[in-house]
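Shown next, in structure tokens, is the structure this report addresses.
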Amino acid sequence: MIRLRRLQSLVAVTLIGAAILGAPSRAQATFKVTIADSDGNTIVVNTPGSYAGTLGAFDIQGGFTTSNAPGTPNLARLSDSNTAISTAGFTGTKTVTITVEDDFTNPIGGNGLRSILSVGQLDATQATVTYQSFVDAFGGQILSTNAVAAGLTAEDHVVISGPFHLKSVTKYTIVGDSTPVAIQSTGITAVAPAPAGVVLVLSALPALGLGWVRRRMKGESAVVA
């Protein structure tokens, strides 16, 4: 029970810290959001915050991006939250790709690249959402779902030294049948330092907005944020 209470306290503190660090506080020259469809239409946004617009057959609403660049010793974080993609209907297959990117200087050293995907609305079974995080040229594990799914996560062990470039890529693939389609999702890319003795592993666990790192020490298994 003591261990459980300590873990719950740690999770609460981590959630509060991530929310504070993820809040946009200024315009960033290196920050960019690129929204593109398979028909060649493109929208570019150069500051964190909300975005919306019409992209070919699609209506983009509710998107909100954050970046805590240049990062802190404990966290570098990009997010693309509550992004709503809808269409009145079309035939054939179309894609919408949303890329959020920024430059960071912290944290540095042996770090873990963390990816989180949550799909809160999916009205069509013919739609698939994929999410991938990048640090410089390294691409993390691709998360993919064609259903409502919260907290799909991946951990990739990478070694980097600042400065570095983070990129968050969400891709919506829709096979249209002339009926309306609506999708809403959130994607998070984060880099956090790997403490001594902690091994980062690939995973796909329902973590409710947090990436998890497993640590095995003296024959026991513990979970830390």
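Within each chain, counting starts at residue 1; across the structure tokens, chains are named A, B, ... in the order shown, with ligands numbered 1 upward in that order.
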Write out as a VMD selection string the set of residues from range 10-142 of chain A that DSSP, computed on the backbone, places in strand (DSSP E). chain A and resid 32 to 37 42 to 45 49 to 55 58 to 67 76 to 87 91 to 104 109 to 122 127 to 135 138 to 139
With 6 Å as the cut-off and only C-alpha atoms counted, what is the closest atom pair between each nearby residue of range 52-76 of chain A and range 86-110 of chain A? Distances in Å to one decimal, ordered by chain and number, as CSV.
```
residue,atom,partner,partner_atom,distance
A:Phe58,CA,A:Thr87,CA,4.8
A:Asp59,CA,A:Ser86,CA,5.3
A:Ala69,CA,A:Phe104,CA,5.3
A:Pro70,CA,A:Phe104,CA,4.3
A:Gly71,CA,A:Asn106,CA,4.8
A:Thr72,CA,A:Asn106,CA,5.2
A:Pro73,CA,A:Pro107,CA,4.5
A:Asn74,CA,A:Pro107,CA,6.0
```
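Near Thr65 in chain A, within 7 Å and counting only C-alpha atoms, sit Pro48, Gly49, Ser50, Ser79, Asp80 and Ser81 of chain A; same-chain residues fewer than 6 positions away were not included.
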Name the closest residue to Asp136 in chain A among the candidates A:His165, A:Ile160, A:Asp123, A:Thr30; distances are taken between atoms, counting only C-alpha atoms.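 The closest residue to Asp136 in chain A is A:His165.
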For the alpha helix (DSSP H) assignment from backbone DSSP, which residues of range 4-167 of chain A qualify? Please present them as an MDAnalysis selection string. chainID A and resid 4:21
Those residues you just picked out, can you put them in a file as a PDB file, in the first residue's frame with C-alpha atoms?
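New file result_12.pdb:
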```
ATOM      1  CA  LEU A   4       1.127   2.210  -4.317  1.00  0.00           C
ATOM      2  CA  ARG A   5       0.555   5.572  -2.577  1.00  0.00           C
ATOM      3  CA  ARG A   6       4.064   6.722  -3.488  1.00  0.00           C
ATOM      4  CA  LEU A   7       3.467   5.731  -7.121  1.00  0.00           C
ATOM      5  CA  GLN A   8       0.144   7.586  -7.228  1.00  0.00           C
ATOM      6  CA  SER A   9       1.794  10.728  -5.832  1.00  0.00           C
ATOM      7  CA  LEU A  10       4.573  10.479  -8.401  1.00  0.00           C
ATOM      8  CA  VAL A  11       2.074  10.160 -11.260  1.00  0.00           C
ATOM      9  CA  ALA A  12       0.131  13.211 -10.042  1.00  0.00           C
ATOM     10  CA  VAL A  13       3.270  15.352  -9.798  1.00  0.00           C
ATOM     11  CA  THR A  14       4.391  14.242 -13.265  1.00  0.00           C
ATOM     12  CA  LEU A  15       1.040  15.139 -14.833  1.00  0.00           C
ATOM     13  CA  ILE A  16       1.102  18.608 -13.254  1.00  0.00           C
ATOM     14  CA  GLY A  17       4.688  19.210 -14.357  1.00  0.00           C
ATOM     15  CA  ALA A  18       4.003  18.082 -17.919  1.00  0.00           C
ATOM     16  CA  ALA A  19       1.001  20.390 -18.166  1.00  0.00           C
ATOM     17  CA  ILE A  20       3.029  23.398 -16.988  1.00  0.00           C
ATOM     18  CA  LEU A  21       6.052  22.682 -19.163  1.00  0.00           C
TER      19      LEU A  21
END
```
So what do you get for CA of Ile60 in chain A versus CA of Tyr172 in chain A, distance-wise? 11.9 Å
For Tyr131 in chain A, work out the shell of residues within 10 Å, counting only C-alpha atoms and skipping chain neighbours fewer than 2 positions away, then give it as a PDB file with C-alpha atoms, in the first residue's frame.
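selection_4.pdb, freshly written:
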```pdb
ATOM      1  CA  THR A  97      -0.557  14.541 -42.403  1.00  0.00           C
ATOM      2  CA  ILE A  98       0.101  16.967 -39.538  1.00  0.00           C
ATOM      3  CA  THR A  99       3.747  17.594 -38.634  1.00  0.00           C
ATOM      4  CA  SER A 115       5.498   8.698 -28.127  1.00  0.00           C
ATOM      5  CA  ILE A 116       1.858   8.856 -27.024  1.00  0.00           C
ATOM      6  CA  LEU A 117      -1.263   8.606 -29.217  1.00  0.00           C
ATOM      7  CA  SER A 118      -4.863   8.977 -28.106  1.00  0.00           C
ATOM      8  CA  VAL A 129      -4.567   7.118 -37.512  1.00  0.00           C
ATOM      9  CA  SER A 133       8.009  10.755 -33.110  1.00  0.00           C
ATOM     10  CA  GLY A 140      10.561   6.171 -33.150  1.00  0.00           C
ATOM     11  CA  GLN A 141       8.117   3.306 -33.233  1.00  0.00           C
ATOM     12  CA  ILE A 142       4.984   3.918 -35.325  1.00  0.00           C
ATOM     13  CA  LEU A 143       1.733   3.791 -33.349  1.00  0.00           C
ATOM     14  CA  SER A 144      -1.353   2.933 -35.400  1.00  0.00           C
ATOM     15  CA  THR A 145      -5.054   2.402 -34.715  1.00  0.00           C
ATOM     16  CA  LEU A 152      -1.071   4.014 -26.940  1.00  0.00           C
ATOM     17  CA  THR A 153       2.587   4.548 -26.040  1.00  0.00           C
ATOM     18  CA  SER A 168       5.687  14.862 -34.203  1.00  0.00           C
ATOM     19  CA  VAL A 169       3.903  13.331 -37.222  1.00  0.00           C
ATOM     20  CA  THR A 170       0.214  12.317 -37.235  1.00  0.00           C
ATOM     21  CA  LYS A 171      -1.220  10.777 -40.405  1.00  0.00           C
ATOM     22  CA  TYR A 172      -4.920  10.220 -41.101  1.00  0.00           C
ATOM     23  CA  SER A 185      -6.822  12.683 -31.777  1.00  0.00           C
ATOM     24  CA  THR A 186      -3.944  13.831 -29.572  1.00  0.00           C
ATOM     25  CA  GLY A 187      -0.257  13.080 -30.114  1.00  0.00           C
ATOM     26  CA  ILE A 188       2.671  13.782 -27.760  1.00  0.00           C
ATOM     27  CA  THR A 189       6.409  13.573 -28.437  1.00  0.00           C
TER      28      THR A 189
END
```
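Using only C-alpha atoms, the nearest neighbour of Thr54 in chain A within the list A:Ala84, A:Val33, A:Ala76, A:Leu166 is A:Ala84.
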Val148 in chain A surroundings by only C-alpha atoms, 7 Å radius, close-in-sequence under 6 positions cut, as a VMD selection string: chain A and resid 119 to 122
